[in-house]
>>> print(open('coords.cif').read())   # mmCIF, C-alpha atoms
data_protein
#
loop_
_atom_site.label_atom_id
_atom_site.label_comp_id
_atom_site.auth_asym_id
_atom_site.auth_seq_id
_atom_site.Cartn_x
_atom_site.Cartn_y
_atom_site.Cartn_z
CA MET A 1 82.64 82.03 116.31
CA ILE A 2 79.17 83.58 116.57
CA THR A 3 79.42 83.80 120.35
CA GLY A 4 82.81 85.49 119.95
CA ASP A 5 81.23 88.04 117.61
CA LEU A 6 78.50 88.68 120.17
CA ASP A 7 81.07 89.04 122.97
CA ARG A 8 83.03 91.63 121.00
CA THR A 9 79.85 93.56 120.27
CA LEU A 10 78.78 93.57 123.89
CA ALA A 11 82.30 94.55 125.06
CA THR A 12 81.16 94.12 128.65
CA ALA A 13 83.35 94.92 131.62
CA ILE A 14 82.93 91.30 132.71
CA SER A 15 83.44 89.14 129.64
CA SER A 16 80.46 87.09 128.54
CA ALA A 17 82.82 84.45 127.16
CA GLY A 18 81.81 81.06 128.45
CA THR A 19 78.31 82.13 129.48
CA TRP A 20 76.60 81.44 126.14
CA ARG A 21 74.26 78.48 125.92
CA PRO A 22 72.13 76.98 123.15
CA ALA A 23 68.56 78.22 123.14
CA PRO A 24 66.10 75.94 124.96
CA PRO A 25 64.28 73.43 122.70
CA GLY A 26 61.32 74.98 120.97
CA THR A 27 62.71 78.52 121.10
CA ALA A 28 61.70 80.57 118.07
CA GLY A 29 64.57 81.05 115.67
CA ALA A 30 66.49 77.93 116.71
CA PRO A 31 68.97 76.74 115.51
CA ARG A 32 70.16 80.33 115.18
CA THR A 33 69.51 81.35 118.76
CA TYR A 34 72.01 81.88 121.58
CA ALA A 35 71.35 82.70 125.24
CA THR A 36 73.62 84.17 127.90
CA THR A 37 73.46 84.83 131.64
CA VAL A 38 76.01 87.66 131.49
CA ALA A 39 73.47 90.24 132.69
CA PHE A 40 73.25 88.47 136.06
CA ARG A 41 77.02 88.85 136.44
CA LEU A 42 76.92 92.53 135.53
CA ALA A 43 73.94 93.44 137.70
CA ASP A 44 74.37 95.55 140.83
CA ASP A 45 72.14 97.28 143.35
CA ALA A 46 71.34 100.10 140.95
CA ASN A 47 70.79 97.98 137.84
CA GLY A 48 69.09 94.61 138.02
CA PRO A 49 69.71 91.78 135.54
CA ALA A 50 66.65 92.64 133.45
CA ASP A 51 67.78 96.27 133.07
CA VAL A 52 71.32 95.25 132.11
CA ALA A 53 70.04 92.66 129.63
CA ALA A 54 67.67 95.20 128.08
CA ARG A 55 70.55 97.61 127.40
CA LEU A 56 72.67 94.85 125.93
CA ALA A 57 69.77 93.70 123.77
CA ASP A 58 69.30 97.24 122.47
CA ARG A 59 72.97 97.34 121.46
CA LEU A 60 72.68 94.04 119.60
CA ARG A 61 69.49 94.98 117.73
CA ARG A 62 71.44 97.64 115.85
CA LEU A 63 73.53 95.00 114.07
CA ASP A 64 72.39 93.98 110.61
CA TRP A 65 73.34 90.34 111.26
CA VAL A 66 71.21 90.07 114.42
CA GLU A 67 67.59 89.20 113.74
CA THR A 68 66.23 89.58 117.28
CA ALA A 69 67.54 90.28 120.77
CA ALA A 70 65.21 89.91 123.71
CA VAL A 71 65.17 89.55 127.50
CA THR A 72 63.50 86.62 129.20
CA GLY A 73 63.42 85.00 132.61
CA GLY A 74 64.26 88.19 134.48
CA GLY A 75 67.64 88.78 132.84
CA TYR A 76 68.52 86.11 130.29
CA LEU A 77 69.62 87.68 127.02
CA VAL A 78 68.44 85.65 124.02
CA VAL A 79 69.80 86.50 120.58
CA THR A 80 68.81 85.13 117.18
CA VAL A 81 71.24 85.79 114.35
CA ALA A 82 70.31 86.06 110.69
CA ALA A 83 70.53 82.91 108.59
CA GLY A 84 73.14 84.59 106.40
CA ALA A 85 75.40 85.25 109.38
CA LEU A 86 75.35 81.57 110.22
CA ALA A 87 75.94 80.59 106.60
CA ARG A 88 79.03 82.79 106.36
CA LEU A 89 80.69 80.55 108.94
CA ALA A 90 81.32 78.11 106.09
CA VAL A 91 83.86 80.55 104.66
CA ARG A 92 85.15 81.91 107.96
CA ILE A 93 85.91 78.51 109.49
CA THR A 94 87.57 77.24 106.32
CA GLN A 95 89.79 80.30 106.10
CA ALA A 96 90.62 80.25 109.82
CA GLY A 97 91.97 76.70 109.73
CA PRO A 98 93.06 75.52 113.20
CA GLY A 99 92.32 79.02 114.47
CA CYS A 100 88.60 78.25 114.21
CA ALA A 101 88.73 76.78 117.73
CA ARG A 102 90.69 79.59 119.35
CA SER A 103 89.47 82.30 121.68
CA SER A 104 90.84 84.65 124.33
CA ALA A 105 88.50 83.41 127.06
CA LEU A 106 91.37 82.19 129.26
CA ALA A 107 93.83 84.96 128.42
CA GLY A 108 96.03 85.67 131.45
CA ALA A 109 95.72 82.17 132.86
CA SER A 110 98.73 79.86 132.93
CA LEU A 111 99.33 76.20 133.62
CA ALA A 112 101.78 73.38 132.99
CA ALA A 113 100.89 70.26 131.04
CA PRO A 114 102.69 67.20 129.70
CA ALA A 115 103.51 67.53 126.01
CA ALA A 116 102.56 63.94 125.26
CA ALA A 117 100.64 61.09 126.87
CA ASP A 118 102.68 57.90 127.00
CA LEU A 119 99.91 55.30 126.98
CA ALA A 120 101.89 52.14 126.49
CA SER A 121 103.72 52.50 129.81
CA ALA A 122 100.59 53.26 131.84
CA PRO A 123 100.17 50.37 134.31
CA VAL A 124 96.38 50.70 134.66
CA TRP A 125 93.50 52.33 132.80
CA GLU A 126 93.02 55.06 135.43
CA GLU A 127 96.60 56.22 134.90
CA ALA A 128 96.18 56.12 131.12
CA ARG A 129 93.08 58.30 131.39
CA ARG A 130 94.88 60.73 133.68
CA ARG A 131 97.73 61.08 131.19
CA VAL A 132 95.45 61.67 128.22
CA HIS A 133 93.29 64.16 130.11
CA ALA A 134 96.32 66.11 131.37
CA THR A 135 97.77 66.52 127.88
CA VAL A 136 94.43 67.33 126.24
CA ALA A 137 93.60 69.84 129.00
CA GLY A 138 96.78 71.71 128.13
CA ARG A 139 95.87 71.86 124.43
CA LEU A 140 92.36 73.05 125.23
CA ALA A 141 93.60 75.75 127.59
CA GLU A 142 96.12 76.97 125.03
CA ALA A 143 93.42 77.15 122.34
CA ALA A 144 91.30 79.20 124.77
CA GLY A 145 94.10 81.74 125.22
CA ALA A 146 95.94 80.47 128.30
CA HIS A 147 99.73 80.31 128.50
CA VAL A 148 100.81 76.67 128.73
CA SER A 149 104.26 75.51 129.80
CA TRP A 150 104.75 72.22 128.05
CA GLN A 151 106.64 69.61 130.05
CA HIS A 152 108.76 67.25 127.98
CA ASP A 153 110.01 63.94 129.32
CA ALA A 154 113.71 64.47 130.03
CA GLU A 155 114.38 60.99 131.32
CA ARG A 156 117.04 59.03 129.49
CA ILE A 157 115.60 56.11 127.58
CA THR A 158 117.71 53.01 128.10
CA ALA A 159 117.79 49.91 125.96
CA PRO A 160 115.76 47.06 127.42
CA ASN A 161 117.54 44.16 129.04
CA PRO A 162 117.07 41.20 126.67
CA ALA A 163 117.22 38.82 129.64
CA ALA A 164 114.36 40.54 131.43
CA PRO A 165 110.85 39.08 130.97
CA VAL A 166 108.62 41.06 128.63
CA THR A 167 105.30 41.99 130.19
CA ALA A 168 102.53 44.08 128.71
CA GLY A 169 99.79 45.65 130.76
CA PRO A 170 96.16 45.99 129.65
CA VAL A 171 96.69 49.45 128.23
CA ALA A 172 99.69 48.44 126.13
CA GLU A 173 97.79 45.41 124.84
CA ALA A 174 94.81 47.56 123.87
CA VAL A 175 97.04 50.06 122.06
CA ALA A 176 98.73 47.21 120.18
CA TYR A 177 95.33 45.83 119.15
CA ALA A 178 93.28 48.96 118.38
CA GLY A 179 95.93 51.60 117.78
CA ALA A 180 96.94 54.64 119.80
CA ASP A 181 94.39 56.94 118.11
CA ALA A 182 91.43 54.74 118.95
CA ILE A 183 92.48 54.24 122.56
CA THR A 184 93.35 57.91 123.02
CA TYR A 185 89.91 58.96 121.79
CA ALA A 186 88.17 56.39 123.98
CA LEU A 187 90.03 57.66 127.05
CA ALA A 188 89.49 61.32 126.18
CA ARG A 189 85.70 60.86 126.02
CA LEU A 190 85.55 59.28 129.48
CA PRO A 191 84.57 61.53 132.41
CA PRO A 192 87.46 62.27 134.77
CA GLU A 193 85.91 60.18 137.52
CA GLY A 194 84.45 56.69 137.53
CA PRO A 195 85.44 53.49 135.72
CA ALA A 196 88.22 53.98 133.20
CA ARG A 197 88.45 50.66 131.41
CA VAL A 198 88.27 50.79 127.59
CA ASP A 199 86.86 48.02 125.39
CA ALA A 200 89.62 47.57 122.82
CA GLY A 201 87.31 45.62 120.51
CA LEU A 202 84.80 48.46 120.32
CA ALA A 203 87.55 51.07 120.04
CA ALA A 204 88.93 49.25 116.99
CA ALA A 205 85.55 48.72 115.29
CA HIS A 206 85.00 50.34 111.89
CA HIS A 207 81.35 51.27 112.17
CA GLN A 208 79.54 54.41 113.26
CA GLY A 209 78.51 52.86 116.55
CA ASN A 210 82.12 53.46 117.55
CA PRO A 211 82.36 57.17 118.43
CA ALA A 212 86.02 57.49 117.47
CA TYR A 213 85.38 55.96 114.06
CA ALA A 214 82.22 58.03 113.50
CA VAL A 215 84.03 61.33 114.05
CA ARG A 216 87.07 60.35 111.99
CA TYR A 217 84.83 58.97 109.25
CA ALA A 218 82.88 62.26 109.07
CA HIS A 219 86.18 64.06 108.56
CA ALA A 220 87.27 61.57 105.88
CA HIS A 221 83.88 61.84 104.18
CA ALA A 222 84.10 65.63 103.97
CA ALA A 223 87.65 65.33 102.65
CA SER A 224 86.40 62.84 100.06
CA ALA A 225 83.70 65.24 98.87
CA LEU A 226 86.30 67.94 98.33
CA ARG A 227 88.59 65.46 96.59
CA GLN A 228 85.80 64.30 94.27
CA ALA A 229 85.01 67.90 93.39
CA GLY A 230 88.68 68.42 92.57
CA ASP A 231 88.62 65.32 90.35
CA LEU A 232 85.76 66.97 88.44
CA GLY A 233 87.83 70.11 88.00
CA LEU A 234 85.66 72.12 90.38
CA ASP A 235 86.64 74.35 93.26
CA ARG A 236 84.75 76.52 95.74
CA GLY A 237 85.58 79.75 93.94
CA GLU A 238 86.50 83.01 95.59
CA ALA A 239 85.12 83.75 99.03
CA ALA A 240 83.74 87.05 97.73
CA ARG A 241 81.44 85.11 95.40
CA PHE A 242 80.01 82.91 98.16
CA GLN A 243 76.21 83.24 98.44
CA PRO A 244 74.98 82.68 102.02
CA ARG A 245 71.35 82.26 100.92
CA LEU A 246 72.30 78.94 99.32
CA LEU A 247 72.91 77.34 102.74
CA ALA A 248 69.40 77.90 104.06
CA HIS A 249 68.15 74.29 104.24
CA PRO A 250 67.27 73.32 107.84
CA SER A 251 69.89 70.55 107.86
CA GLN A 252 72.55 72.98 106.65
CA GLN A 253 71.58 75.58 109.22
CA ALA A 254 71.65 72.91 111.94
CA LEU A 255 75.17 71.90 110.87
CA LEU A 256 76.31 75.52 110.81
CA TYR A 257 74.85 76.05 114.27
CA GLU A 258 76.86 73.09 115.57
CA LEU A 259 79.99 74.45 113.90
CA SER A 260 79.43 77.83 115.54
CA TRP A 261 79.90 76.31 119.00
CA LEU A 262 83.42 74.92 118.53
CA PRO A 263 85.36 77.74 120.31
CA GLU A 264 82.77 77.82 123.10
CA ARG A 265 82.97 74.05 123.61
CA VAL A 266 86.76 74.18 123.68
CA THR A 267 86.62 76.95 126.28
CA GLY A 268 84.06 75.11 128.37
CA ALA A 269 86.06 71.89 128.28
CA ALA A 270 89.22 73.80 129.24
CA ARG A 271 87.56 75.61 132.16
CA ARG A 272 86.19 72.38 133.60
CA GLY A 273 89.15 70.15 132.80
CA ARG A 274 86.78 67.91 130.83
CA PRO A 275 88.14 66.65 127.48
CA ASP A 276 85.04 64.47 127.25
CA VAL A 277 82.97 67.62 126.64
CA LEU A 278 84.86 68.24 123.40
CA ALA A 279 84.74 64.59 122.33
CA ARG A 280 80.98 64.42 122.71
CA TYR A 281 80.58 67.74 120.93
CA LEU A 282 82.54 66.32 117.96
CA GLU A 283 80.23 63.31 117.92
CA GLY A 284 77.22 65.62 117.63
CA LEU A 285 79.00 67.58 114.92
CA ALA A 286 79.64 64.37 112.97
CA ARG A 287 75.94 63.48 113.15
CA ALA A 288 74.97 66.95 111.97
CA TYR A 289 77.44 66.67 109.09
CA PHE A 290 75.92 63.41 107.86
CA ASP A 291 72.39 64.78 108.21
CA GLY A 292 73.38 67.77 106.12
CA HIS A 293 75.12 65.62 103.54
CA GLU A 294 72.12 63.33 103.19
CA ALA A 295 69.77 66.24 102.50
CA CYS A 296 72.15 68.50 100.55
CA PRO A 297 75.25 66.65 99.27
CA ALA A 298 78.18 68.71 98.04
CA VAL A 299 78.93 66.11 95.35
CA TRP A 300 76.37 63.68 93.97
CA PRO A 301 76.34 60.74 91.53
CA GLY A 302 76.34 61.85 87.91
CA MET A 303 77.65 65.30 88.76
CA THR A 304 79.80 66.53 85.88
CA ALA A 305 81.75 69.60 84.96
CA PRO A 306 81.88 69.79 81.15
CA GLY A 307 84.79 71.80 79.86
CA ALA A 308 86.40 72.25 83.26
CA SER A 309 89.99 73.39 82.94
CA PRO A 310 92.81 71.37 84.53
CA GLY A 311 93.34 74.17 87.01
CA GLY A 312 89.77 73.90 88.17
CA ARG A 313 86.86 76.27 87.82
CA ALA A 314 84.30 77.51 90.25
CA ALA A 315 81.35 75.18 90.67
CA ALA A 316 77.79 76.41 90.15
CA PRO A 317 76.81 78.67 93.07
CA THR A 318 74.79 76.01 94.91
CA ALA A 319 77.52 73.37 94.64
CA ALA A 320 80.18 75.93 95.54
CA ALA A 321 78.32 76.91 98.73
CA ARG A 322 78.01 73.25 99.70
CA LEU A 323 81.71 72.72 99.08
CA TRP A 324 82.48 75.61 101.42
CA LEU A 325 80.32 73.91 104.05
CA ALA A 326 82.07 70.57 103.51
CA ALA A 327 85.43 72.35 103.85
CA ALA A 328 84.34 74.02 107.09
CA SER A 329 83.14 70.69 108.49
CA ARG A 330 86.42 69.04 107.60
CA THR A 331 88.37 71.92 109.18
CA ALA A 332 86.41 71.83 112.44
CA LEU A 333 86.58 68.04 112.78
CA LEU A 334 90.29 68.01 111.98
CA THR A 335 90.92 70.74 114.54
CA GLY A 336 88.86 69.06 117.24
CA LEU A 337 90.50 65.69 116.74
CA GLY A 338 93.90 67.37 116.82
CA LEU A 339 93.11 68.91 120.19
CA LEU A 340 92.28 65.44 121.48
CA GLY A 341 95.58 64.12 120.14
CA VAL A 342 93.92 61.92 117.51
CA SER A 343 94.91 61.83 113.84
CA ALA A 344 92.36 62.55 111.12
CA PRO A 345 93.26 60.76 107.89
CA ASP A 346 91.56 61.80 104.65
CA ARG A 347 90.76 58.17 103.90
CA LEU A 348 89.53 55.45 106.26
#
>>> encode(input="coords.cif", output="structure tokens")
Amino acid sequence: MITGDLDRTLATAISSAGTWRPAPPGTAGAPRTYATTVAFRLADDANGPADVAARLADRLRRLDWVETAAVTGGGYLVVTVAAGALARLAVRITQAGPGCARSSALAGASLAAPAAADLASAPVWEEARRRVHATVAGRLAEAAGAHVSWQHDAERITAPNPAAPVTAGPVAEAVAYAGADAITYALARLPPEGPARVDAGLAAAHHQGNPAYAVRYAHAHAASALRQAGDLGLDRGEAARFQPRLLAHPSQQALLYELSWLPERVTGAARRGRPDVLARYLEGLARAYFDGHEACPAVWPGMTAPGASPGGRAAAPTAAARLWLAAASRTALLTGLGLLGVSAPDRL
């Protein structure tokens, strides 16, 4: 969302969408710093990249939510946003719901994609991967603003011949063992080229060494925090009462920074036809969520709400801010998993 805000402020003739990158390690202001190469795309014979970037930086410095805007490397525009701007994403993402991943980066583009990936009938792993990637690529492109013509299977389904021998290929056996969600995620996170075989045992494992489980567990954990707060009669309160300064801990800012990249990662994955880019982003987001929870939990043992009404009352400002962050994390993880075609239960 932050990169979208910056794009709208720049309002360049050549959109900067898709050109934003995280600041290099060690950059001052990280994890609130974003860099773009858009000035190189806008440069011409009369105005070099450094000149273009300097004008864009001057425009950004006028914004109260931009802390610094500078030019480096002969034309790279590096922007650091205020901590409060990052913190407000907790409210914005929660309120946006599934729209938190959307952008207009691919507006005007069009493509066709299969509406569903039929894994069980895939004869080999390479075909199963192709089916998952084709469907997910369509969802990613649509979220990035492209027009997608969804292709539905119109073939008549006939009853099986009871006399025919029943055979199950490796993909169908893996789906039967680990479940369609686990196998879908495992295939989505594979690069488009190279070996495609999935370890069904690992895909089914319920520990955080299994990427699919780790991401889904982070979502369930955030949902649990919100549920526990509700059991205590607490809610996040009105968005207008949210206090950004209460999400200033480094682990919270790191989580918010990860959350800020969701639309950009969706766009990048759509442009490249690489669902694995989104899957691995979600894995990083899950790690950031748990780091933030460990340092600054939204709900903690012994937390009480004396006199809370059955309808719920706003938590103390610090707890309320953390609940907004938990809600934003849940929203982003739910949205990302949905784009991959994987369910996100509230309990695992």
>>> closest_residue(input="coords.cif", among="A:Thr37, A:Ser104, A:Thr267, A:Gln95", to="Glu238 (chain A)", atoms="only C-alpha atoms")
A:Gln95
>>> closest_residue(input="coords.cif", among="A:Arg32, A:Arg130, A:Arg322, A:Arg59", to="Arg236 (chain A)", atoms="all atoms listed in the file")
A:Arg322
>>> resolve_selection(input="coords.cif", expression="the PyMOL selection byres ((chain A and resi 336) around 12)", output="PyMOL selection string")
chain A and resi 97-102+136+139-140+143+185+188+212+215-216+219+259+261-263+265-266+269+275-283+285-286+329-335+337-344
>>> closest_residue(input="coords.cif", among="A:Ala225, A:Val38, A:Val198, A:Leu89", to="Asp346 (chain A)", atoms="only C-alpha atoms")
A:Ala225
>>> resolve_selection(input="coords.cif", expression="the PyMOL selection byres ((chain A and resi 237) around 12)", output="MDAnalysis selection string")
chainID A and resid 91 229:230 233:236 238:243 311:324
>>> closest_residue(input="coords.cif", among="A:Ala115, A:Thr184, A:Ala298, A:Leu247", to="Gln151 (chain A)", atoms="only C-alpha atoms")
A:Ala115
>>> residues_near_point(input="coords.cif", point="(76.3, 84.1, 110.0)", cutoff="10 Å", atoms="only C-alpha atoms", output="list in words")
Met1, Ile2, Asp5, Arg32, Trp65, Val66, Val81, Ala82, Ala83, Gly84, Ala85, Leu86, Ala87, Arg88, Leu89, Ala90, Val91, Arg92, Pro244, Gln253, Leu256, Tyr257 and Ser260 of chain A
>>> closest_residue(input="coords.cif", among="A:Leu226, A:Ala204, A:Ala144, A:Ala120", to="Ala168 (chain A)", atoms="only C-alpha atoms")
A:Ala120
>>> residues_around(input="coords.cif", residues="Leu77 (chain A)", least_positions_apart="4", cutoff="6 Å", atoms="only C-alpha atoms", output="list in words")
Ala35, Thr36, Ala53, Ala70 and Val71 of chain A
